[in-house]
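Peer 1: File query17.txt follows (compact mmCIF, C-alpha atoms):
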# COMPACT_ATOMS: atom_id res chain seq x y z
CA MET A 1 75.12 -10.53 -98.82
CA LYS A 2 73.01 -11.62 -101.70
CA MET A 3 73.74 -15.13 -102.93
CA GLY A 4 73.29 -16.23 -106.50
CA ILE A 5 71.17 -19.33 -106.06
CA THR A 6 68.62 -19.10 -103.29
CA CYS A 7 66.72 -22.27 -103.64
CA VAL A 8 66.76 -25.59 -105.48
CA ALA A 9 63.72 -27.79 -105.87
CA PHE A 10 63.11 -31.18 -107.46
CA ILE A 11 59.55 -32.02 -108.39
CA GLY A 12 58.54 -35.47 -109.47
CA PRO A 13 56.49 -36.54 -112.45
CA GLN A 14 53.18 -36.35 -110.58
CA ASN A 15 54.06 -32.88 -109.37
CA ASN A 16 55.03 -34.36 -106.00
CA PRO A 17 57.73 -32.34 -104.26
CA MET A 18 60.80 -34.51 -103.78
CA TYR A 19 63.31 -32.05 -102.51
CA LEU A 20 63.35 -28.40 -101.65
CA ARG A 21 66.38 -26.74 -100.22
CA SER A 22 67.00 -23.16 -99.38
CA MET A 23 70.58 -21.99 -99.54
CA ASP A 24 69.90 -19.18 -97.10
CA PRO A 25 69.21 -20.14 -93.52
CA ALA A 26 65.44 -19.84 -93.54
CA THR A 27 62.55 -19.77 -91.18
CA ASP A 28 59.37 -21.77 -91.60
CA ASP A 29 57.59 -18.80 -93.12
CA HIS A 30 60.30 -18.43 -95.66
CA TYR A 31 59.95 -22.09 -96.56
CA LEU A 32 56.22 -21.63 -97.11
CA LYS A 33 56.92 -18.78 -99.45
CA LEU A 34 59.48 -20.86 -101.35
CA HIS A 35 57.04 -23.75 -101.64
CA TYR A 36 54.44 -21.36 -102.98
CA ILE A 37 56.77 -19.87 -105.58
CA VAL A 38 57.90 -23.31 -106.71
CA HIS A 39 54.29 -24.43 -106.96
CA CYS A 40 53.45 -21.47 -109.18
CA ALA A 41 56.50 -22.24 -111.23
CA LEU A 42 54.99 -25.63 -112.03
CA ASP A 43 52.13 -23.90 -113.83
CA ALA A 44 54.63 -21.94 -115.88
CA VAL A 45 56.38 -25.22 -116.72
CA GLU A 46 53.12 -26.74 -117.98
CA GLU A 47 52.56 -23.68 -120.15
CA LYS A 48 55.96 -23.89 -121.72
CA VAL A 49 55.55 -27.59 -122.35
CA LEU A 50 52.23 -27.04 -124.10
CA LEU A 51 53.70 -24.29 -126.25
CA LYS A 52 56.42 -26.64 -127.41
CA ARG A 53 54.06 -29.30 -128.68
CA GLY A 54 54.57 -28.08 -132.25
CA PRO A 55 56.31 -30.53 -134.64
CA SER A 56 59.17 -28.15 -135.31
CA ASP A 57 60.38 -27.97 -131.72
CA SER A 58 63.05 -30.32 -130.46
CA GLN A 59 63.06 -31.98 -127.08
CA ASP A 60 64.37 -29.11 -125.06
CA VAL A 61 65.26 -29.78 -121.48
CA TYR A 62 66.17 -26.29 -120.46
CA LEU A 63 63.07 -24.14 -120.07
CA GLY A 64 64.86 -20.92 -119.30
CA LEU A 65 63.49 -18.11 -117.24
CA LEU A 66 60.00 -19.12 -116.20
CA TYR A 67 58.92 -15.90 -114.62
CA PRO A 68 60.36 -13.16 -112.44
CA THR A 69 58.79 -12.52 -109.06
CA GLU A 70 59.45 -9.54 -106.84
CA ASP A 71 62.61 -10.95 -105.25
CA TYR A 72 63.60 -13.90 -107.36
CA ARG A 73 63.90 -15.19 -110.85
CA VAL A 74 62.73 -18.71 -111.47
CA TYR A 75 64.46 -21.05 -113.88
CA GLY A 76 63.17 -24.42 -114.92
CA TYR A 77 64.51 -27.65 -116.35
CA LEU A 78 62.41 -30.57 -117.43
CA THR A 79 63.84 -34.05 -117.85
CA ASN A 80 62.45 -36.69 -120.18
CA THR A 81 60.91 -38.49 -117.24
CA HIS A 82 58.99 -35.34 -116.28
CA VAL A 83 61.14 -34.56 -113.30
CA LYS A 84 61.38 -30.81 -112.92
CA ILE A 85 64.31 -28.96 -111.46
CA ILE A 86 63.46 -25.45 -110.34
CA LEU A 87 66.10 -22.92 -109.46
CA LEU A 88 65.43 -19.65 -107.70
CA LEU A 89 67.99 -16.94 -108.26
CA ASP A 90 68.40 -13.91 -106.13
CA ASP A 91 70.71 -12.05 -108.42
CA GLU A 92 70.11 -8.63 -109.84
CA ALA A 93 73.03 -8.78 -112.23
CA PRO A 94 72.32 -10.00 -115.77
CA ILE A 95 72.20 -13.78 -115.65
CA LYS A 96 74.16 -15.87 -118.09
CA ASP A 97 71.99 -18.64 -119.41
CA GLU A 98 74.94 -20.96 -119.90
CA ALA A 99 75.93 -20.73 -116.26
CA VAL A 100 72.43 -21.61 -115.13
CA LEU A 101 72.27 -24.40 -117.68
CA ARG A 102 75.55 -25.84 -116.43
CA VAL A 103 74.29 -25.91 -112.87
CA LEU A 104 71.02 -27.51 -113.95
CA ARG A 105 72.82 -30.17 -115.95
CA ARG A 106 74.97 -31.04 -112.98
CA LEU A 107 71.93 -31.20 -110.75
CA HIS A 108 70.33 -33.54 -113.25
CA SER A 109 73.41 -35.71 -113.22
CA LEU A 110 73.39 -35.76 -109.42
CA TYR A 111 69.74 -36.75 -109.44
CA VAL A 112 70.45 -39.63 -111.81
CA ASP A 113 73.30 -40.87 -109.63
CA THR A 114 71.15 -40.71 -106.53
CA THR A 115 68.28 -42.63 -108.10
CA SER A 116 70.75 -45.31 -109.21
CA ASN A 117 71.13 -46.21 -105.55
CA PRO A 118 69.30 -49.52 -105.13
CA PHE A 119 67.90 -48.32 -101.81
CA HIS A 120 66.36 -45.20 -103.23
CA LYS A 121 62.58 -45.12 -103.29
CA PHE A 122 61.06 -43.35 -106.24
CA GLY A 123 58.56 -40.62 -105.64
CA LEU A 124 59.48 -40.23 -101.99
CA PRO A 125 61.39 -37.20 -100.73
CA ILE A 126 65.14 -37.44 -101.22
CA THR A 127 66.83 -37.76 -97.86
CA SER A 128 70.33 -38.87 -98.73
CA PRO A 129 73.09 -36.88 -96.99
CA ARG A 130 75.40 -37.42 -99.94
CA PHE A 131 72.83 -35.73 -102.16
CA ASP A 132 72.73 -32.73 -99.81
CA ALA A 133 76.49 -32.41 -99.70
CA GLN A 134 76.98 -32.66 -103.45
CA LEU A 135 74.14 -30.27 -104.11
CA GLU A 136 75.87 -27.70 -101.95
CA GLN A 137 79.06 -28.18 -103.93
CA ILE A 138 77.26 -27.70 -107.23
CA VAL A 139 75.49 -24.59 -106.02
CA ALA A 140 78.76 -23.18 -104.77
CA LEU A 141 80.05 -23.33 -108.32
CA TYR A 142 77.57 -20.77 -109.49
CA PRO A 143 79.36 -17.45 -109.53
CA ARG A 144 78.19 -15.08 -106.86
CA PRO A 145 77.20 -11.56 -107.81
CA GLY A 146 80.29 -9.44 -108.16
CA ALA A 147 82.65 -12.38 -108.61
CA SER A 148 84.48 -12.64 -111.88
CA LEU A 149 83.06 -15.17 -114.27
CA GLY A 150 86.45 -16.18 -115.61
CA GLY A 151 87.81 -19.58 -114.66
CA PHE A 152 84.42 -21.25 -114.39
CA THR A 153 84.95 -24.71 -115.83
CA THR A 154 82.26 -27.26 -116.48
CA MET B 1 81.69 -47.62 -119.95
CA LEU B 2 82.69 -51.22 -120.34
CA ARG B 3 84.12 -53.68 -117.90
CA GLY B 4 86.52 -56.27 -119.13
CA GLY B 5 90.24 -57.06 -119.11
CA PRO B 6 92.55 -54.10 -118.58
CA ALA B 7 93.88 -52.84 -121.88
CA GLY B 8 97.50 -53.51 -122.63
CA ALA B 9 98.10 -55.89 -119.72
CA ARG B 10 100.29 -58.84 -120.45
CA ASN B 11 97.70 -61.42 -119.53
CA ALA B 12 94.67 -59.58 -120.88
CA PRO B 13 92.44 -62.26 -122.31
CA SER B 14 89.60 -61.29 -124.55
CA LEU B 15 86.39 -61.58 -122.63
CA GLU B 16 82.88 -60.54 -123.44
CA GLN B 17 82.16 -57.25 -121.82
CA ILE B 18 79.14 -55.83 -120.13
CA ASN B 19 78.23 -52.24 -119.53
CA ALA B 20 79.37 -51.39 -116.02
CA GLU B 21 76.20 -49.60 -115.06
CA VAL B 22 74.02 -52.50 -116.13
CA PHE B 23 76.15 -54.74 -113.95
CA THR B 24 75.97 -52.43 -110.95
CA LEU B 25 72.23 -51.88 -111.25
CA THR B 26 71.60 -55.60 -111.68
CA TYR B 27 73.54 -56.40 -108.55
CA GLY B 28 71.70 -53.66 -106.69
CA SER B 29 68.37 -55.16 -107.71
CA ILE B 30 69.47 -58.59 -106.55
CA VAL B 31 70.38 -57.24 -103.13
CA ARG B 32 67.10 -55.34 -102.86
CA GLN B 33 65.11 -58.39 -103.83
CA LEU B 34 66.94 -60.57 -101.31
CA ILE B 35 66.20 -58.06 -98.59
CA SER B 36 62.51 -58.00 -99.37
CA ASP B 37 62.39 -61.81 -99.65
CA PHE B 38 64.26 -62.65 -96.47
CA GLU B 39 63.83 -59.53 -94.37
CA ASP B 40 66.54 -60.64 -91.95
CA ILE B 41 69.83 -58.94 -92.79
CA GLU B 42 72.01 -61.76 -91.47
CA GLU B 43 70.16 -64.19 -93.68
CA VAL B 44 70.67 -61.88 -96.65
CA ASN B 45 74.41 -61.77 -95.92
CA LYS B 46 74.49 -65.57 -95.87
CA GLN B 47 72.58 -65.80 -99.13
CA LEU B 48 74.92 -63.34 -100.84
CA GLU B 49 77.89 -65.36 -99.68
CA GLN B 50 76.29 -68.57 -100.90
CA MET B 51 75.56 -67.02 -104.29
CA GLY B 52 79.16 -65.91 -104.47
CA TYR B 53 80.33 -69.38 -103.58
CA ASN B 54 78.28 -70.91 -106.40
CA MET B 55 79.72 -68.37 -108.82
CA GLY B 56 83.27 -68.87 -107.56
CA ILE B 57 83.37 -72.60 -108.10
CA ARG B 58 82.53 -71.99 -111.76
CA LEU B 59 84.53 -68.85 -112.31
CA VAL B 60 87.81 -70.40 -111.29
CA ASP B 61 87.75 -72.72 -114.31
CA GLU B 62 87.16 -69.86 -116.66
CA PHE B 63 89.90 -67.87 -115.03
CA LEU B 64 92.43 -70.68 -115.21
CA ALA B 65 91.54 -71.36 -118.82
CA LYS B 66 91.96 -67.78 -119.89
CA ALA B 67 94.78 -66.54 -117.70
CA LYS B 68 97.55 -68.99 -118.57
CA ILE B 69 99.36 -68.73 -115.27
CA THR B 70 101.68 -71.26 -113.77
CA ARG B 71 101.04 -73.15 -110.56
CA CYS B 72 101.19 -71.02 -107.48
CA SER B 73 103.90 -72.10 -105.12
CA SER B 74 102.44 -70.64 -101.98
CA PHE B 75 99.40 -68.96 -100.54
CA ARG B 76 101.21 -65.68 -101.01
CA ASP B 77 101.37 -66.30 -104.75
CA THR B 78 97.72 -67.24 -104.77
CA ALA B 79 96.70 -64.03 -103.08
CA ASP B 80 98.73 -62.03 -105.56
CA VAL B 81 97.14 -63.80 -108.49
CA VAL B 82 93.66 -63.16 -107.13
CA ALA B 83 94.37 -59.51 -106.53
CA LYS B 84 96.33 -58.71 -109.64
CA GLN B 85 94.89 -60.99 -112.28
CA ALA B 86 91.55 -62.43 -111.32
CA LEU B 87 89.91 -59.27 -110.02
CA PRO B 88 91.05 -57.17 -112.98
CA MET B 89 89.78 -59.83 -115.36
CA PHE B 90 86.32 -60.03 -113.92
CA LEU B 91 85.72 -56.67 -112.32
CA ASN B 92 88.27 -54.43 -113.97
CA VAL B 93 89.63 -53.31 -110.63
CA SER B 94 92.86 -54.35 -109.10
CA ALA B 95 93.51 -54.86 -105.45
CA ASN B 96 96.51 -54.74 -103.18
CA VAL B 97 97.53 -57.51 -100.88
CA ALA B 98 98.60 -56.42 -97.44
CA ASN B 99 98.54 -57.16 -93.73
CA TRP B 100 100.09 -60.59 -93.84
CA ASN B 101 100.24 -62.41 -90.55
CA PRO B 102 103.58 -63.94 -89.47
CA ASP B 103 102.49 -67.45 -90.52
CA GLN B 104 101.67 -66.27 -94.04
CA THR B 105 98.23 -67.82 -93.74
CA GLU B 106 96.14 -64.67 -93.52
CA CYS B 107 96.13 -61.59 -95.65
CA SER B 108 93.92 -58.72 -96.71
CA LEU B 109 92.81 -57.75 -100.16
CA ILE B 110 92.38 -54.00 -100.31
CA LEU B 111 90.17 -52.46 -102.95
CA THR B 112 89.76 -48.76 -103.36
CA ASP B 113 87.12 -49.01 -106.04
CA ASN B 114 84.30 -51.47 -106.19
CA PRO B 115 81.96 -51.55 -109.19
CA LEU B 116 79.36 -53.55 -107.27
CA ALA B 117 78.77 -50.64 -104.97
CA ASP B 118 78.74 -47.66 -107.31
CA PHE B 119 76.01 -45.13 -106.45
CA VAL B 120 75.03 -47.11 -103.37
CA GLU B 121 74.18 -45.42 -100.12
CA LEU B 122 73.35 -47.75 -97.28
CA PRO B 123 70.37 -46.56 -95.24
CA GLU B 124 70.46 -46.76 -91.44
CA GLU B 125 68.21 -49.77 -91.11
CA TYR B 126 70.56 -51.90 -93.24
CA ARG B 127 73.65 -51.06 -91.28
CA GLU B 128 74.45 -54.76 -90.76
CA LEU B 129 74.24 -55.55 -94.43
CA LYS B 130 77.47 -56.71 -96.03
CA TYR B 131 76.66 -55.36 -99.44
CA CYS B 132 79.64 -56.90 -101.25
CA ASN B 133 79.42 -60.27 -99.54
CA VAL B 134 79.09 -61.97 -102.88
CA LEU B 135 82.79 -61.25 -103.46
CA ALA B 136 83.72 -63.03 -100.24
CA GLY B 137 81.81 -66.05 -101.49
CA VAL B 138 83.43 -65.94 -104.92
CA VAL B 139 86.92 -66.01 -103.43
CA ARG B 140 86.00 -68.81 -101.06
CA GLY B 141 84.41 -70.90 -103.82
CA ALA B 142 87.21 -70.34 -106.29
CA LEU B 143 89.94 -71.23 -103.84
CA GLU B 144 88.06 -74.28 -102.64
CA MET B 145 88.13 -75.67 -106.17
CA VAL B 146 91.91 -75.47 -106.11
CA ASN B 147 92.07 -77.28 -102.80
CA MET B 148 92.49 -74.36 -100.47
CA GLU B 149 89.93 -74.02 -97.77
CA VAL B 150 89.67 -70.39 -96.79
CA GLU B 151 87.47 -68.10 -94.80
CA CYS B 152 86.73 -64.65 -96.14
CA ARG B 153 85.22 -61.79 -94.29
CA TRP B 154 84.93 -58.07 -94.78
CA VAL B 155 86.77 -55.88 -92.30
CA SER B 156 86.35 -52.50 -93.96
CA ASP B 157 83.52 -51.28 -96.11
CA MET B 158 83.41 -47.91 -97.83
CA LEU B 159 79.63 -47.94 -97.68
CA LYS B 160 79.93 -47.78 -93.92
CA GLY B 161 82.32 -44.88 -93.91
CA ASP B 162 85.70 -46.61 -94.05
CA ASP B 163 88.23 -45.47 -96.61
CA CYS B 164 88.61 -48.71 -98.54
CA TYR B 165 87.15 -52.19 -98.96
CA GLU B 166 89.22 -54.73 -97.08
CA LEU B 167 88.58 -58.45 -97.44
CA ARG B 168 90.41 -60.64 -94.97
CA ILE B 169 91.31 -64.08 -96.32
CA LYS B 170 92.38 -66.79 -93.93
CA LEU B 171 93.79 -70.06 -95.11
CA ASN B 172 92.42 -72.89 -92.95
CA GLU B 173 93.63 -75.91 -94.74
CA HIS B 174 95.49 -76.85 -97.84
CA ARG B 175 93.89 -80.08 -98.88
CA ASP B 176 95.67 -82.67 -100.97
CA GLU B 177 94.18 -83.69 -104.27
CA LYS B 178 91.34 -86.10 -103.61
CA PHE B 179 91.22 -88.98 -105.96
CA PRO B 180 87.82 -90.44 -106.72
CA PHE B 181 88.93 -94.02 -106.42
CA LYS B 182 91.06 -95.97 -104.01
CA ASP B 183 94.45 -97.47 -104.82
CA ASP B 184 93.54 -101.02 -104.03
CA ASP B 185 90.66 -101.30 -106.47
Go through the file and emit its structure as structure tokens.

Peer 2:
Amino acid sequence: MKMGITCVAFIGPQNNPMYLRSMDPATDDHYLKLHYIVHCALDAVEEKVLLKRGPSDSQDVYLGLLYPTEDYRVYGYLTNTHVKIILLLDDEAPIKDEAVLRVLRRLHSLYVDTTSNPFHKFGLPITSPRFDAQLEQIVALYPRPGASLGGFTT
Amino acid sequence: MLRGGPAGARNAPSLEQINAEVFTLTYGSIVRQLISDFEDIEEVNKQLEQMGYNMGIRLVDEFLAKAKITRCSSFRDTADVVAKQALPMFLNVSANVANWNPDQTECSLILTDNPLADFVELPEEYRELKYCNVLAGVVRGALEMVNMEVECRWVSDMLKGDDCYELRIKLNEHRDEKFPFKDDD
């Protein structure tokens, strides 16, 4: 069964990977592939950021669809501290931007809560079990393909 | 989000307020700094308790000045006042008093919400750390200033997986007022 969100990744300000999680049970090879896709996505993020340097553009956090690959679509989100949240979607149905944006906002909020932990070390990979559990909950909120989109509350 | 007296409560005094997150993050930094200074977790626990004690001996005056309560007639009253008036005034949380022993000299303060420990996740290596030990010190210091010698220790801690924060208070001695001079002077 195809899931909506396949993979979530958090990349730090120096492009250091902080967290990468595949929602499908994955093998090592699969993880390599995901790492590779996320890495390429970073280039797309840089591009979008450069394009937005114009004085007319506001500080936009949501970068939208970065690029489609053969299996996935990659969405990006850039925080003011240059932390990037990358989402890989496995869905063939037309994606609603607002749904993706809601998930990304919640992920951002979860990230902020986790870094507020006094024992959290910046820049190092995120290992907190609470983070894992809450991430799963947030991802579960994203409507699966075929499910009705009604009743989705923020 | 602000912390201060609960709105609409009968005894709500007006106090200066501080943003709750600033408070939580400041306390978190203090604990982190103590750990890196002392490195021994037991020592850190002692330091937190001592800090709490120093705060408690000063806080009790502020509390008594602002709260306008009458004299407590028993330790039971005291525990109620701490749980229902002092904690809401300073931390904006209220606690329940429970688990009295038959002598009425020991009880537990049960908190379900603790602003000191918001967002905190205790890593494995700090399992022995009593993160909220400063509160134990505050209660001990405050009660000592009103002539009750107590011992406070944590029995449950949500950071360690329990379902509430439980502080056990044991009354050791009720000292009489000490006068600074003798009668036959």

Peer 1: Skip range 28-45 of chain B itself and residues of its chain fewer than 3 positions away, then list as a PDB file with C-alpha atoms, in the coordinates of the input all residues within 12 Å of it, counting all atoms listed in the file.

Peer 2:
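Writing the result to around15.pdb gives the following:
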ATOM      1  CA  THR A 115      68.280 -42.630-108.100  1.00  0.00           C
ATOM      2  CA  SER A 116      70.750 -45.310-109.210  1.00  0.00           C
ATOM      3  CA  ASN A 117      71.130 -46.210-105.550  1.00  0.00           C
ATOM      4  CA  PRO A 118      69.300 -49.520-105.130  1.00  0.00           C
ATOM      5  CA  PHE A 119      67.900 -48.320-101.810  1.00  0.00           C
ATOM      6  CA  HIS A 120      66.360 -45.200-103.230  1.00  0.00           C
ATOM      7  CA  LYS A 121      62.580 -45.120-103.290  1.00  0.00           C
TER       8      LYS A 121
ATOM      9  CA  GLU B  21      76.200 -49.600-115.060  1.00  0.00           C
ATOM     10  CA  VAL B  22      74.020 -52.500-116.130  1.00  0.00           C
ATOM     11  CA  PHE B  23      76.150 -54.740-113.950  1.00  0.00           C
ATOM     12  CA  THR B  24      75.970 -52.430-110.950  1.00  0.00           C
ATOM     13  CA  LEU B  25      72.230 -51.880-111.250  1.00  0.00           C
ATOM     14  CA  LEU B  48      74.920 -63.340-100.840  1.00  0.00           C
ATOM     15  CA  GLU B  49      77.890 -65.360 -99.680  1.00  0.00           C
ATOM     16  CA  GLN B  50      76.290 -68.570-100.900  1.00  0.00           C
ATOM     17  CA  MET B  51      75.560 -67.020-104.290  1.00  0.00           C
ATOM     18  CA  GLY B  52      79.160 -65.910-104.470  1.00  0.00           C
ATOM     19  CA  PRO B 115      81.960 -51.550-109.190  1.00  0.00           C
ATOM     20  CA  LEU B 116      79.360 -53.550-107.270  1.00  0.00           C
ATOM     21  CA  ALA B 117      78.770 -50.640-104.970  1.00  0.00           C
ATOM     22  CA  ASP B 118      78.740 -47.660-107.310  1.00  0.00           C
ATOM     23  CA  PHE B 119      76.010 -45.130-106.450  1.00  0.00           C
ATOM     24  CA  VAL B 120      75.030 -47.110-103.370  1.00  0.00           C
ATOM     25  CA  GLU B 121      74.180 -45.420-100.120  1.00  0.00           C
ATOM     26  CA  LEU B 122      73.350 -47.750 -97.280  1.00  0.00           C
ATOM     27  CA  GLU B 125      68.210 -49.770 -91.110  1.00  0.00           C
ATOM     28  CA  TYR B 126      70.560 -51.900 -93.240  1.00  0.00           C
ATOM     29  CA  ARG B 127      73.650 -51.060 -91.280  1.00  0.00           C
ATOM     30  CA  GLU B 128      74.450 -54.760 -90.760  1.00  0.00           C
ATOM     31  CA  LEU B 129      74.240 -55.550 -94.430  1.00  0.00           C
ATOM     32  CA  LYS B 130      77.470 -56.710 -96.030  1.00  0.00           C
ATOM     33  CA  TYR B 131      76.660 -55.360 -99.440  1.00  0.00           C
ATOM     34  CA  CYS B 132      79.640 -56.900-101.250  1.00  0.00           C
ATOM     35  CA  ASN B 133      79.420 -60.270 -99.540  1.00  0.00           C
ATOM     36  CA  VAL B 134      79.090 -61.970-102.880  1.00  0.00           C
ATOM     37  CA  LEU B 135      82.790 -61.250-103.460  1.00  0.00           C
ATOM     38  CA  ALA B 136      83.720 -63.030-100.240  1.00  0.00           C
ATOM     39  CA  GLY B 137      81.810 -66.050-101.490  1.00  0.00           C
ATOM     40  CA  ARG B 153      85.220 -61.790 -94.290  1.00  0.00           C
ATOM     41  CA  TRP B 154      84.930 -58.070 -94.780  1.00  0.00           C
TER      42      TRP B 154
END

Peer 1: Pick out the residues sitting within 6 Å of Leu65 in chain A, and hand them over as a list in words; count only C-alpha atoms, and ignore anything fewer than 2 positions along from it in its own chain.

Peer 2: Tyr67, Val74 and Tyr75 of chain A

Peer 1: Rounded to one decimal place, report the CA of Glu106 in chain B-CA of Ile169 in chain B distance in Å.

Peer 2: 5.6 Å

Peer 1: Just give me the gap between CA of Val82 in chain B and CA of Ala142 in chain B in Å, one decimal is fine.

Peer 2: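 The value is 9.7 Å.
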
Peer 1: Write out as a ChimeraX atom specification which residues come within 9 Å of Gly123 in chain A when counting all atoms listed in the file, dropping same-chain ones fewer than 6 positions away.

Peer 2: /A:12-14,16-18

Peer 1: Would you mind listing what lies within 7 Å of Leu88 in chain A as a list of chain:residue names, with all atoms listed in the file counted and same-chain residues fewer than 5 positions away left out?

Peer 2: A:Ile5, A:Thr6, A:Cys7, A:Val8, A:Tyr72, A:Arg73, A:Val74, A:Tyr75

Peer 1: Residues within 10 Å of (60.5, -27.1, -120.9), file coordinates, counting only C-alpha atoms: what are they? Give the list as a PyMOL selection string.

Peer 2: chain A and resi 44-52+59-64+66+76-80+82+84

Peer 1: With only C-alpha atoms as the atoms that count, which of A:Gln134, A:Val139, A:Val38, A:Val112 lies nearest to chain B?

Peer 2: A:Val112

Peer 1: Give the answer as one residue: which of A:Asp113, A:Asp97, A:Glu136, A:Asp29 has the shortest atom-to-atom distance to chain B, using only C-alpha atoms?

Peer 2: A:Asp113

Peer 1: Is there a way to get, as a PyMOL selection string, all residues within 6 Å of the point (84.8, -76.8, -106.1) in file coordinates, counting all atoms listed in the file?

Peer 2: chain B and resi 57+144-145

Peer 1: Taking into account only C-alpha atoms, which residue in the set A:Thr81, A:Ala9, A:His108, A:Ile126 is nearest to His39 in chain A?

Peer 2: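 Nearest to His39 in chain A: A:Ala9.
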
Peer 1: Check the smallest atom-to-atom distance from each of B:Glu166, B:Tyr27, B:Leu87, B:Asp103 to chain A using all atoms listed in the file, then report the winner.

Peer 2: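 For chain A, the nearest of the given residues is B:Tyr27.
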
Peer 1: Report the distance between CA of Val146 in chain B and CA of Asn172 in chain B in Å, rounded to one decimal place.

Peer 2: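 Pair CA of Val146 in chain B / CA of Asn172 in chain B returns 13.4 Å.
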
Peer 1: Let me make sure I understand: among B:Asn147, B:Thr78, B:Thr26, B:Ser108, which one has the smallest atom-to-atom distance to chain A if we use all atoms listed in the file?

Peer 2: B:Thr26
